[in-house]
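Asker: Just dropping this structure here.
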Amino acid sequence: MSARSRVCVALLTALAAFTTGFAAPVAARTTPVPHTAVLDGARLQQTKVRLDRGDPQLRRVVRVLTARADKWLDQGPWTVVDKPRPAPGGDVHDYLSQAPYWWPSRTPTADNPWGCPYVQRDGERNPEVDSGTDRQDVEKTFDSAYDLSLAWYYTGESRYARKAGQVLRTWFLDPATRMNPNLDHAQFIPCKYDGRAIGIIDFSQSYTSVVDALALLDTGAPGWSGKDRTGMARWNADFLGWLKDSDFGRQEGAAANNHGTFYDLLLAGLAYATGDRALARRTVLDARTKRIAPQIAADGSQPQELTRTRSWHYSTFDLVAYTRLAAIGRHIGVDLWAYRGPDGQSLFGAVDYLLPAATGAAAWPHPELEFLRYAATDVVHAAADAGDTRARRAVPALQAPPGGDLWALRPAAEQLDSIAG
């Protein structure tokens, strides 16, 4: 090659290198959109993109989330087979919990070790329920799986995903430690009932968070295998079958207070997660005339919840179920927030009824054994996001729950106060 040719080649090479700098950039790896049931997967993806770009507010909230997740790393995993005695049916793999507001009426003796008969004391939690059953362990399983999965999704740190996987496999999948997919012995009452339909709320209260945790892990979490995904899909399908077809499921679905609302939430969440969009859609649609119209008054109060000794707790608690159910509706084309009953009943009205107490502007005018203002924070956030002008104005005056407000990372209402049952 002549000197002139070598110069031409060099010039052409330099020009190619120069013009390459103006070519369209290669697209960055897209953060997967999780197929969540309650959480808005697209919103989570957008939040992660903002976080990755250095959003300072989100970074502060992520530190709160990872602090929670870090505490789970050296705890668990928990298993349904660890309780000191099996459920009344004799199978250690059956879930067991005890009715929280029922107490012994007599001093236990050798002939009457439970102190039966048990009597109800509404709103007063019997400490017996936290020992000898699976209730505390299942709550730790649910909470840890959710926190750890969210922490992995936002940070990419594999330790969070691997711990979440260990927790879920131990409780639901490993043959030696797995839970049977039924709640036949939930909220039993000693010497009275081996289990009750009302005990379904042990899962309907928060299992949809586990469903969303699974969706987060399914976006490619390290240590979460195809076998794990298949196993959890099968468990959820079996559990949905029990929920639909069992006598307890039918009884709980007929409840006319927060138990009925939470049943609908669990039914719709499981149906959506397992691919039965028709059942999920029907459940959310039916909630308009089956739940909102009869259970929320024209002024926004919830009469069945106001009769309780913990009326503030149960009014906010029921709205956790309603707002999460409305979030599922968003995925299947049902706007539950837009519904108005024959007397104007609506979810917006129910949230607005709480605002004076939620913002500290006025005292809660109904019975409440322990008023915790922050119990309403998430449901007010949910209404504000759905377009409630009054709720939007109230957001700056809300009280953050203990540990901080995580709404920016997981915009779906949770029960923020500690009472259970």
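Letters A, B, ... mark the chains of the structure tokens in the order given; residue numbers begin at 1 per chain; ligand numbers begin at 1, in order shown.
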Would you mind listing, for every residue of region 225-266 of chain A within 7 Å of region 160-184 of chain A, the two atoms forming the shortest contact and the distance between them in Å to one decimal, using only C-alpha atoms, sorted by chain and ascending residue number, as a Markdown table?
Answerer:
| residue | atom | partner | partner_atom | distance |
| --- | --- | --- | --- | --- |
| A:Gly231 | CA | A:Leu173 | CA | 6.5 |
| A:Trp235 | CA | A:Pro181 | CA | 6.5 |
| A:Asp238 | CA | A:Pro181 | CA | 6.2 |
| A:Phe239 | CA | A:Pro181 | CA | 4.8 |
| A:Trp242 | CA | A:Asn182 | CA | 6.2 |
Asker: Restricting it to C-alpha atoms, dump the selection as an mmCIF file, in the first residue's frame.
Answerer:
data_model
loop_
_atom_site.group_PDB
_atom_site.id
_atom_site.type_symbol
_atom_site.label_atom_id
_atom_site.label_comp_id
_atom_site.auth_asym_id
_atom_site.auth_seq_id
_atom_site.Cartn_x
_atom_site.Cartn_y
_atom_site.Cartn_z
ATOM 1 C CA GLY A 231 -44.173 -24.081 43.239
ATOM 2 C CA TRP A 235 -49.614 -23.188 46.090
ATOM 3 C CA ASP A 238 -54.586 -24.511 45.550
ATOM 4 C CA PHE A 239 -55.152 -21.840 48.184
ATOM 5 C CA TRP A 242 -59.824 -23.621 49.069
#
Asker: Give the strand (DSSP E or B) residues of region 141-326 of chain A, as assigned by DSSP on the backbone, as number ranges by chain.
Answerer: A: 188-189, 193, 310
Asker: Grab the residues selected above and save them as an mmCIF file, in the first residue's frame with N, CA, C and O atoms.
Answerer:
data_model
loop_
_atom_site.group_PDB
_atom_site.id
_atom_site.type_symbol
_atom_site.label_atom_id
_atom_site.label_comp_id
_atom_site.auth_asym_id
_atom_site.auth_seq_id
_atom_site.Cartn_x
_atom_site.Cartn_y
_atom_site.Cartn_z
ATOM 1 N N PHE A 188 -58.913 -20.542 66.155
ATOM 2 C CA PHE A 188 -59.696 -21.471 66.963
ATOM 3 C C PHE A 188 -59.946 -20.877 68.353
ATOM 4 O O PHE A 188 -59.236 -19.975 68.805
ATOM 5 N N ILE A 189 -60.982 -21.359 69.019
ATOM 6 C CA ILE A 189 -61.293 -20.966 70.393
ATOM 7 C C ILE A 189 -61.243 -22.225 71.248
ATOM 8 O O ILE A 189 -61.997 -23.168 70.991
ATOM 9 N N TYR A 193 -64.301 -24.062 69.322
ATOM 10 C CA TYR A 193 -64.221 -24.264 67.870
ATOM 11 C C TYR A 193 -62.796 -24.664 67.494
ATOM 12 O O TYR A 193 -61.830 -24.061 67.958
ATOM 13 N N ARG A 310 -62.641 -0.473 69.151
ATOM 14 C CA ARG A 310 -61.505 0.105 68.427
ATOM 15 C C ARG A 310 -62.016 0.692 67.115
ATOM 16 O O ARG A 310 -61.600 0.285 66.030
#
Asker: Name all residues at most 9 Å from His313 (chain A) (count only C-alpha atoms; drop same-chain ones fewer than 3 positions away) and give them as a tab-separated table (two decimals) with N, CA, C and O atoms, in the first residue's frame.
Answerer:
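Generated output (part.tsv):
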chain	number	residue	atom	x	y	z
A	305	GLU	N	-68.09	-0.71	61.66
A	305	GLU	CA	-66.80	-0.53	62.33
A	305	GLU	C	-66.90	0.43	63.52
A	305	GLU	O	-66.13	0.32	64.48
A	310	ARG	N	-62.64	-0.47	69.15
A	310	ARG	CA	-61.50	0.11	68.43
A	310	ARG	C	-62.02	0.69	67.11
A	310	ARG	O	-61.60	0.29	66.03
A	316	THR	N	-60.06	2.60	59.77
A	316	THR	CA	-58.89	2.70	58.89
A	316	THR	C	-58.54	1.33	58.31
A	316	THR	O	-58.18	1.21	57.13
A	317	PHE	N	-58.68	0.31	59.11
A	317	PHE	CA	-58.35	-1.05	58.71
A	317	PHE	C	-59.20	-1.49	57.52
A	317	PHE	O	-58.69	-2.03	56.52
A	318	ASP	N	-60.51	-1.26	57.59
A	318	ASP	CA	-61.39	-1.63	56.50
A	318	ASP	C	-61.02	-0.90	55.22
A	318	ASP	O	-61.06	-1.46	54.11
A	368	GLU	N	-62.61	4.42	71.15
A	368	GLU	CA	-61.31	3.91	70.70
A	368	GLU	C	-60.42	3.69	71.90
A	368	GLU	O	-60.12	4.62	72.65
A	370	GLU	N	-57.27	2.85	71.97
A	370	GLU	CA	-55.93	3.43	71.81
A	370	GLU	C	-55.86	4.12	70.46
A	370	GLU	O	-55.62	3.48	69.43
A	371	PHE	N	-56.07	5.43	70.45
A	371	PHE	CA	-56.08	6.19	69.20
A	371	PHE	C	-54.65	6.40	68.71
A	371	PHE	O	-53.81	6.94	69.42
A	372	LEU	N	-54.38	5.95	67.47
A	372	LEU	CA	-53.08	6.14	66.82
A	372	LEU	C	-53.33	6.86	65.51
A	372	LEU	O	-53.82	6.26	64.53
A	375	ALA	N	-52.50	5.63	61.88
A	375	ALA	CA	-53.17	4.47	61.28
A	375	ALA	C	-53.86	4.82	59.96
A	375	ALA	O	-54.04	3.96	59.10
A	376	ALA	N	-54.22	6.10	59.79
A	376	ALA	CA	-54.92	6.51	58.57
A	376	ALA	C	-54.00	7.00	57.47
A	376	ALA	O	-54.46	7.29	56.35
A	417	ASP	N	-51.02	0.41	62.27
A	417	ASP	CA	-51.03	0.26	63.72
A	417	ASP	C	-50.87	-1.21	64.08
A	417	ASP	O	-50.99	-2.09	63.23
A	419	ILE	N	-52.39	-3.36	66.34
A	419	ILE	CA	-53.42	-4.29	66.80
A	419	ILE	C	-53.72	-5.31	65.70
A	419	ILE	O	-53.69	-4.98	64.50
Asker: Which polymer residues have any atom within 9 Å of an atom of region 349-352 of chain A, counting only C-alpha atoms, with same-chain residues fewer than 6 positions away left out, as a count of residues only?
Answerer: 17
Asker: Excluding same-chain residues fewer than 6 positions from Tyr263 (chain A), what lies within 7 Å of it counting only C-alpha atoms, as a ChimeraX atom specification?
Answerer: /A:204,252-253
